[in-house]
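Okay, run.txt now, which holds compact mmCIF, C-alpha atoms:
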# COMPACT_ATOMS: atom_id res chain seq x y z
CA MET A 284 18.72 12.05 -31.47
CA PHE A 285 16.02 14.30 -30.05
CA PHE A 286 14.04 11.35 -28.73
CA GLN A 287 17.13 9.78 -27.16
CA ASN A 288 17.50 12.82 -24.92
CA ALA A 289 13.83 12.97 -23.91
CA PRO A 290 12.68 11.47 -20.58
CA ALA A 291 11.44 7.88 -20.65
CA ASN A 292 7.73 7.41 -21.36
CA THR A 293 6.56 6.21 -17.93
CA ILE A 294 3.16 7.88 -17.79
CA ASN A 295 1.28 4.57 -17.40
CA TYR A 296 3.31 3.73 -14.30
CA MET A 297 2.62 7.20 -12.91
CA ILE A 298 -1.13 6.72 -13.43
CA ALA A 299 -0.95 3.31 -11.74
CA GLY A 300 0.99 4.80 -8.81
CA PHE A 301 -1.50 7.60 -8.20
CA ALA A 302 -4.43 5.21 -8.66
CA VAL A 303 -3.00 3.15 -5.79
CA ILE A 304 -2.43 6.22 -3.60
CA TYR A 305 -5.94 7.66 -4.11
CA GLY A 306 -7.62 4.24 -4.18
CA VAL A 307 -6.14 3.00 -0.90
CA MET A 308 -6.71 6.33 0.87
CA LEU A 309 -10.31 6.48 -0.35
CA ALA A 310 -10.93 2.86 0.68
CA TYR A 311 -9.57 3.60 4.17
CA LEU A 312 -11.74 6.73 4.49
CA ILE A 313 -14.81 4.75 3.43
CA SER A 314 -13.95 2.02 5.95
CA LEU A 315 -13.75 4.66 8.71
CA VAL A 316 -17.15 6.10 7.76
CA VAL A 317 -18.80 2.66 7.49
CA ARG A 318 -17.43 1.52 10.85
CA TRP A 319 -18.47 4.81 12.47
CA LYS A 320 -22.05 4.54 11.18
CA LYS A 321 -22.27 0.89 12.27
CA LEU A 322 -21.04 1.69 15.78
CA GLU A 323 -23.34 4.68 16.09
CA ARG A 324 -26.29 2.45 15.20
CA GLU A 325 -25.11 -0.16 17.69
CA VAL A 326 -24.80 2.40 20.52
CA GLU A 327 -28.25 3.80 19.73
CA GLU A 328 -29.75 0.29 19.82
CA LEU A 329 -28.03 -0.46 23.13
CA LYS A 330 -29.31 2.82 24.59
CA GLU A 331 -32.81 1.92 23.41
CA ILE A 332 -32.58 -1.49 25.12
CA GLU A 333 -31.32 0.21 28.31
CA ARG A 334 -34.26 2.65 28.24
CA LYS A 335 -36.75 -0.17 27.78
CA GLY A 336 -35.15 -2.14 30.59
CA GLU A 337 -35.53 0.70 33.11
CA MET B 196 -25.51 10.93 17.32
CA GLU B 197 -21.99 12.16 18.08
CA SER B 198 -21.26 15.57 16.55
CA THR B 199 -17.90 16.31 14.93
CA PRO B 200 -15.75 18.71 17.04
CA ARG B 201 -15.29 22.15 15.48
CA TRP B 202 -11.50 21.86 15.40
CA LEU B 203 -11.70 18.51 13.65
CA LYS B 204 -13.83 20.13 10.94
CA VAL B 205 -11.23 22.91 10.64
CA LEU B 206 -8.50 20.28 10.35
CA ASP B 207 -10.56 18.49 7.65
CA TYR B 208 -10.77 21.68 5.58
CA ILE B 209 -7.08 22.54 5.99
CA THR B 210 -6.06 18.98 5.07
CA ALA B 211 -8.35 18.85 2.01
CA THR B 212 -7.06 22.23 0.80
CA MET B 213 -3.46 21.18 1.29
CA PHE B 214 -4.15 17.88 -0.48
CA ILE B 215 -5.47 19.68 -3.58
CA ALA B 216 -2.55 22.14 -3.47
CA ALA B 217 -0.05 19.27 -3.23
CA ILE B 218 -1.61 17.50 -6.22
CA LEU B 219 -1.38 20.72 -8.25
CA MET B 220 2.26 21.17 -7.21
CA VAL B 221 3.14 17.55 -8.10
CA PHE B 222 1.58 17.77 -11.56
CA PHE B 223 1.99 21.41 -12.58
CA TYR B 224 4.71 23.01 -10.44
CA ALA B 225 7.40 20.34 -10.16
CA PRO B 226 9.31 19.74 -13.39
CA THR B 227 9.44 16.38 -15.14
CA GLU B 228 12.57 14.48 -14.16
CA ALA B 229 14.98 14.25 -17.11
CA VAL B 230 15.64 10.48 -17.10
CA MET B 231 12.72 8.70 -15.37
CA GLY B 232 9.98 10.91 -16.79
CA ALA B 233 6.43 11.05 -15.37
CA VAL B 234 6.77 8.12 -12.93
CA GLN B 235 9.15 10.19 -10.80
CA ARG B 236 6.13 12.26 -9.71
CA VAL B 237 5.01 9.29 -7.61
CA PHE B 238 8.13 9.88 -5.49
CA TYR B 239 6.56 12.90 -3.67
CA PHE B 240 3.67 10.88 -2.24
CA HIS B 241 5.67 7.63 -1.99
CA VAL B 242 8.14 9.13 0.48
CA ALA B 243 5.41 11.12 2.26
CA SER B 244 3.37 7.90 2.74
CA GLY B 245 6.42 6.20 4.22
CA TRP B 246 6.84 9.17 6.56
CA VAL B 247 3.21 8.86 7.72
CA GLY B 248 3.66 5.12 8.23
CA MET B 249 6.72 5.61 10.41
CA LEU B 250 5.02 8.48 12.26
CA GLY B 251 2.12 6.13 12.98
CA PHE B 252 4.42 3.44 14.38
CA LEU B 253 6.31 6.03 16.45
CA THR B 254 2.99 7.27 17.87
CA THR B 255 2.08 3.69 18.77
CA ALA B 256 5.38 3.14 20.59
CA VAL B 257 4.96 6.41 22.53
CA ALA B 258 1.34 5.52 23.33
CA GLY B 259 2.57 2.10 24.50
CA VAL B 260 5.08 3.66 26.91
CA VAL B 261 2.45 6.06 28.28
CA TYR B 262 -0.07 3.21 28.64
CA LEU B 263 2.38 1.10 30.63
CA LYS B 264 3.01 4.08 32.93
CA THR B 265 -0.59 5.22 33.38
CA SER B 266 -2.76 2.16 32.51
CA CYS B 267 -5.17 4.66 30.96
CA ARG B 268 -7.27 2.97 28.21
CA ILE B 269 -7.19 5.97 25.88
CA TRP B 270 -3.51 5.28 25.13
CA ASP B 271 -4.34 1.79 23.96
CA ILE B 272 -6.95 3.28 21.64
CA VAL B 273 -4.39 5.83 20.36
CA GLY B 274 -1.85 3.06 19.77
CA LEU B 275 -4.24 0.90 17.79
CA ALA B 276 -5.44 3.89 15.76
CA ALA B 277 -1.89 4.90 14.85
CA VAL B 278 -0.88 1.33 13.88
CA GLU B 279 -3.86 1.02 11.56
CA ILE B 280 -2.98 4.27 9.79
CA GLY B 281 0.70 3.27 9.68
CA ILE B 282 -0.13 -0.05 8.00
CA VAL B 283 -2.29 1.65 5.36
CA PHE B 284 0.41 4.17 4.46
CA VAL B 285 3.34 1.76 4.49
CA PHE B 286 1.26 -0.42 2.16
CA ILE B 287 0.92 2.59 -0.18
CA THR B 288 4.69 3.14 0.06
CA ILE B 289 5.53 -0.47 -0.79
CA VAL B 290 3.09 -0.71 -3.73
CA THR B 291 3.99 2.68 -5.23
CA GLY B 292 7.67 1.83 -4.80
CA SER B 293 7.11 -1.38 -6.70
CA ILE B 294 5.32 0.48 -9.52
CA TRP B 295 8.17 3.03 -9.67
CA ALA B 296 10.76 0.24 -9.66
CA ARG B 297 9.34 -1.53 -12.73
CA PRO B 298 10.53 1.03 -15.34
CA VAL B 299 13.53 2.24 -13.31
CA TRP B 300 14.98 -1.05 -11.97
CA ASN B 301 13.32 -3.24 -14.58
CA THR B 302 11.66 -5.36 -11.88
CA TRP B 303 8.55 -5.11 -9.68
CA TRP B 304 10.33 -6.45 -6.62
CA THR B 305 13.80 -7.36 -5.44
CA TRP B 306 14.95 -8.55 -2.00
CA ASP B 307 16.97 -5.41 -1.51
CA PRO B 308 17.66 -4.45 2.16
CA ARG B 309 15.30 -1.42 2.08
CA LEU B 310 12.44 -3.30 0.43
CA THR B 311 12.90 -6.33 2.66
CA THR B 312 13.01 -4.34 5.92
CA ALA B 313 9.97 -2.29 4.85
CA ALA B 314 8.02 -5.47 4.07
CA PHE B 315 9.02 -6.99 7.44
CA MET B 316 8.03 -3.80 9.26
CA GLU B 317 4.60 -3.98 7.62
CA LEU B 318 4.22 -7.64 8.60
CA ILE B 319 5.28 -6.95 12.20
CA TYR B 320 2.48 -4.39 12.58
CA ALA B 321 -0.05 -6.52 10.69
CA ALA B 322 0.73 -9.23 13.28
CA TYR B 323 0.12 -6.65 16.03
CA ILE B 324 -3.47 -6.22 14.82
CA MET B 325 -4.05 -9.96 14.40
CA LEU B 326 -2.54 -10.98 17.74
CA ARG B 327 -4.56 -8.34 19.60
CA GLN B 328 -7.75 -9.85 18.25
CA GLY B 329 -6.88 -13.14 19.93
CA ILE B 330 -6.94 -11.61 23.43
CA ASP B 331 -10.36 -11.11 25.04
CA ASP B 332 -9.42 -9.36 28.28
CA PRO B 333 -9.13 -5.60 27.41
CA ASP B 334 -6.43 -4.85 30.00
CA ARG B 335 -4.29 -7.81 28.98
CA ARG B 336 -4.77 -6.88 25.34
CA ALA B 337 -3.71 -3.30 26.01
CA ARG B 338 -0.62 -4.39 27.98
CA PHE B 339 0.34 -6.85 25.26
CA GLY B 340 -0.22 -4.19 22.59
CA ALA B 341 1.93 -1.67 24.45
CA VAL B 342 4.88 -4.05 24.92
CA TYR B 343 4.61 -5.32 21.33
CA ALA B 344 4.49 -1.77 19.95
CA ILE B 345 7.63 -0.78 21.87
CA ILE B 346 9.59 -3.87 20.76
CA GLY B 347 8.18 -3.70 17.22
CA PHE B 348 9.33 -0.11 16.89
CA VAL B 349 12.92 -1.38 16.51
CA SER B 350 11.93 -2.22 12.91
CA VAL B 351 11.22 1.44 12.12
CA PRO B 352 14.70 3.04 12.50
CA PHE B 353 16.15 -0.19 11.08
CA THR B 354 14.04 0.25 7.92
CA PHE B 355 14.93 3.93 7.70
CA MET B 356 18.65 3.27 8.10
CA SER B 357 18.77 0.14 5.92
CA ALA B 358 19.41 2.15 2.74
CA ARG B 359 22.32 3.86 4.50
CA MET B 360 23.81 0.90 6.38
CA PHE B 361 23.70 -1.84 3.74
CA ARG B 362 24.65 -2.16 0.11
CA THR B 363 21.39 -1.32 -1.65
CA ILE B 364 20.03 -0.14 -4.98
CA HIS B 365 17.35 1.97 -3.26
CA PRO B 366 18.18 5.69 -3.54
CA VAL B 367 18.04 7.92 -0.44
CA VAL B 368 16.65 11.43 -0.23
CA VAL B 369 18.60 12.57 2.83
CA GLY B 370 22.26 11.56 2.85
CA ILE B 371 24.63 10.05 0.33
CA ASN B 372 23.47 7.36 -2.10
CA GLN B 373 25.20 3.97 -2.06
CA PRO B 374 27.49 3.44 -5.08
CA GLY B 375 25.11 0.90 -6.68
CA SER B 376 21.87 2.82 -6.14
CA LEU B 377 19.59 3.23 -9.16
CA GLY B 378 16.99 5.95 -9.67
CA GLY B 379 18.50 8.71 -7.55
CA PHE B 380 18.26 12.26 -8.85
CA ASP B 381 19.25 15.78 -7.89
CA MET B 382 16.23 17.78 -6.81
CA THR B 383 15.69 21.19 -8.36
CA PRO B 384 14.38 23.93 -6.00
CA ARG B 385 10.82 23.34 -7.31
CA MET B 386 11.12 19.59 -6.74
CA LEU B 387 12.39 20.20 -3.19
CA GLN B 388 9.53 22.62 -2.43
CA THR B 389 6.98 20.10 -3.76
CA PHE B 390 8.58 17.32 -1.75
CA LEU B 391 8.62 19.32 1.51
CA PHE B 392 5.04 20.49 0.97
CA SER B 393 3.94 16.89 0.33
CA LEU B 394 5.58 15.81 3.59
CA LEU B 395 3.77 18.60 5.46
CA MET B 396 0.45 17.81 3.78
CA PHE B 397 0.73 14.10 4.64
CA THR B 398 1.52 15.04 8.25
CA PHE B 399 -1.82 16.88 8.32
CA VAL B 400 -3.51 13.84 6.73
CA PHE B 401 -2.03 11.73 9.52
CA ALA B 402 -3.25 14.08 12.26
CA ASP B 403 -6.73 14.23 10.73
CA LEU B 404 -7.03 10.47 10.26
CA LEU B 405 -5.60 9.79 13.72
CA TRP B 406 -8.15 12.05 15.37
CA ARG B 407 -10.98 10.39 13.44
CA ARG B 408 -9.68 6.89 14.17
CA ILE B 409 -9.31 7.67 17.88
CA ARG B 410 -12.94 8.85 17.95
CA LEU B 411 -13.92 5.57 16.28
CA GLY B 412 -11.94 3.65 18.92
CA LEU B 413 -13.65 5.56 21.73
CA LEU B 414 -17.06 4.82 20.24
CA ALA B 415 -16.16 1.12 19.90
CA ASP B 416 -15.03 1.15 23.54
CA LYS B 417 -18.31 2.75 24.59
CA ALA B 418 -20.30 0.11 22.68
CA ALA B 419 -18.20 -2.70 24.21
CA GLN B 420 -18.74 -1.34 27.74
CA MET B 421 -22.49 -1.01 27.19
CA LYS B 422 -22.60 -4.62 25.98
CA MET B 423 -20.64 -5.80 29.03
CA LYS B 424 -22.97 -3.85 31.34
CA ARG B 425 -25.96 -5.42 29.63
CA ASN B 426 -24.54 -8.93 30.02
CA GLU B 427 -23.80 -8.51 33.73
Would you kindly transcribe this structure into structure tokens?
Amino acid sequence: MFFQNAPANTINYMIAGFAVIYGVMLAYLISLVVRWKKLEREVEELKEIERKGE
Amino acid sequence: MESTPRWLKVLDYITATMFIAAILMVFFYAPTEAVMGAVQRVFYFHVASGWVGMLGFLTTAVAGVVYLKTSCRIWDIVGLAAVEIGIVFVFITIVTGSIWARPVWNTWWTWDPRLTTAAFMELIYAAYIMLRQGIDDPDRRARFGAVYAIIGFVSVPFTFMSARMFRTIHPVVVGINQPGSLGGFDMTPRMLQTFLFSLLMFTFVFADLLWRRIRLGLLADKAAQMKMKRNE
């Protein structure tokens, strides 16, 4: 009787849900950082080419 | 090297602090729901992610209107930044909803009006990103993006209202549940406080990510202009 009144055991689904939330947010943050670094490098290279061209 | 603005750093710290506080509230402050158990805790971030997604699409529509009025490139960059964030967070909403649905509805997915409209909304904005990439001329691309964002925004209130307008099993937080809805629950004061705090925290996450994504867009624009100048 006691167990019939207890909440359902859904802890695995909760873990999966939060893994998706943190995982996707972290992946997006990493993608922002990677793209930022790549663009910064690109701009620096272009500036260097401009300087050499002058 | 571009330095991070002071206020962006402040926003980073506030957002990170709020994020930790929200996690603590979700796991230690809010009580366990009596029927669904632990999986109900996903609800706080599931709804908040949906809110960020819709906020992103609203920002894009507003940026589209302003771009069409001013033709100022920054608004195109804002629009693209907001769409990207919106897509990421609506994706989180859809996947976490599916995970929640498995034990509560006994299925991962059903073509319920709310789920269907949310999936379509996501696809509409994914198409926005893909179609933009097919246009080379920046001004044409920005004009197309602005018009598309304004028309595409129709899907946002439609998705929000779908659980109220149609017969659906998806529960609603604000308003009255449909007779056949499954998984609705009455929020205790602690649940409500956690929910409202999560919404506020995700709004800060949105502002922080938007600022960072706009900076990325501006840097990409700078690189593109330098390349064009070089090729002339």
Could you jot down the atom CA of Ile332 of chain A to atom CA of Met423 of chain B separation for me, Å, one decimal place?
->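 Separation between atom CA of Ile332 of chain A and atom CA of Met423 of chain B: 13.3 Å.
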Selection near Ser198 of chain B, 12 Å with all atoms listed in the file, sequence-local residues under 5 positions removed, as a PDB file with C-alpha atoms, in the frame of the given file:
ATOM      1  CA  TRP A 319     -18.470   4.810  12.470  1.00  0.00           C
ATOM      2  CA  GLU A 323     -23.340   4.680  16.090  1.00  0.00           C
TER       3      GLU A 323
ATOM      4  CA  LEU B 203     -11.700  18.510  13.650  1.00  0.00           C
ATOM      5  CA  LYS B 204     -13.830  20.130  10.940  1.00  0.00           C
ATOM      6  CA  ARG B 407     -10.980  10.390  13.440  1.00  0.00           C
ATOM      7  CA  ARG B 410     -12.940   8.850  17.950  1.00  0.00           C
TER       8      ARG B 410
END
For chain A, which residues have at least one atom within 9 Å of chain B, if we go by all atoms listed in the file? Write them as a short mmCIF file (atom, residue, chain, number, x, y, z; two decimals) with C-alpha atoms, in the frame of the given file, please.
data_model
loop_
_atom_site.label_atom_id
_atom_site.label_comp_id
_atom_site.auth_asym_id
_atom_site.auth_seq_id
_atom_site.Cartn_x
_atom_site.Cartn_y
_atom_site.Cartn_z
CA ASN A 288 17.50 12.82 -24.92
CA ALA A 289 13.83 12.97 -23.91
CA PRO A 290 12.68 11.47 -20.58
CA ALA A 291 11.44 7.88 -20.65
CA ASN A 292 7.73 7.41 -21.36
CA THR A 293 6.56 6.21 -17.93
CA ILE A 294 3.16 7.88 -17.79
CA ASN A 295 1.28 4.57 -17.40
CA TYR A 296 3.31 3.73 -14.30
CA MET A 297 2.62 7.20 -12.91
CA ILE A 298 -1.13 6.72 -13.43
CA ALA A 299 -0.95 3.31 -11.74
CA GLY A 300 0.99 4.80 -8.81
CA PHE A 301 -1.50 7.60 -8.20
CA VAL A 303 -3.00 3.15 -5.79
CA ILE A 304 -2.43 6.22 -3.60
CA VAL A 307 -6.14 3.00 -0.90
CA MET A 308 -6.71 6.33 0.87
CA TYR A 311 -9.57 3.60 4.17
CA LEU A 312 -11.74 6.73 4.49
CA LEU A 315 -13.75 4.66 8.71
CA ARG A 318 -17.43 1.52 10.85
CA TRP A 319 -18.47 4.81 12.47
CA LEU A 322 -21.04 1.69 15.78
CA GLU A 323 -23.34 4.68 16.09
CA ARG A 324 -26.29 2.45 15.20
CA GLU A 325 -25.11 -0.16 17.69
CA VAL A 326 -24.80 2.40 20.52
CA GLU A 327 -28.25 3.80 19.73
CA LEU A 329 -28.03 -0.46 23.13
CA LYS A 330 -29.31 2.82 24.59
CA ILE A 332 -32.58 -1.49 25.12
CA GLU A 333 -31.32 0.21 28.31
#
What is the distance, in Å and to one decimal place, between atom CA of Ala344 of chain B and atom CA of Met325 of chain B?
->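 These atoms are spaced 13.1 Å apart.
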Have a look at atom CA of Val257 of chain B and atom CA of Met356 of chain B and let me know their distance in Å, one decimal.
-> 20.1 Å
Could you write out as AutoDock Vina command-line options the box around segment 293-305 of chain A (axis-aligned, all atoms listed in the file, 6 Å on each side), with centre and edge lengths in Å to one decimal?
--center_x 0.3 --center_y 5.5 --center_z -10.8 --size_x 24.5 --size_y 16.7 --size_z 26.3
Can you list, as an mmCIF file with C-alpha atoms, in the frame of the given file, every protein, DNA or RNA residue that comes within 12 Å of Lys264 of chain B when you count all atoms listed in the file, leaving out same-chain residues fewer than 5 positions away?
data_model
loop_
_atom_site.group_PDB
_atom_site.id
_atom_site.type_symbol
_atom_site.label_atom_id
_atom_site.label_comp_id
_atom_site.auth_asym_id
_atom_site.auth_seq_id
_atom_site.Cartn_x
_atom_site.Cartn_y
_atom_site.Cartn_z
ATOM 1 C CA VAL B 257 4.960 6.410 22.530
ATOM 2 C CA ALA B 258 1.340 5.520 23.330
ATOM 3 C CA GLY B 259 2.570 2.100 24.500
ATOM 4 C CA TRP B 270 -3.510 5.280 25.130
ATOM 5 C CA ASP B 271 -4.340 1.790 23.960
ATOM 6 C CA ARG B 338 -0.620 -4.390 27.980
ATOM 7 C CA ALA B 341 1.930 -1.670 24.450
ATOM 8 C CA VAL B 342 4.880 -4.050 24.920
#
Give the answer as one residue: which of B:Asn426, B:Ser393, B:Asn301, B:Gln420 has the shortest atom-to-atom distance to Met220 of chain B, using only C-alpha atoms?
->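 That would be B:Ser393, the residue with the smallest distance to Met220 of chain B.
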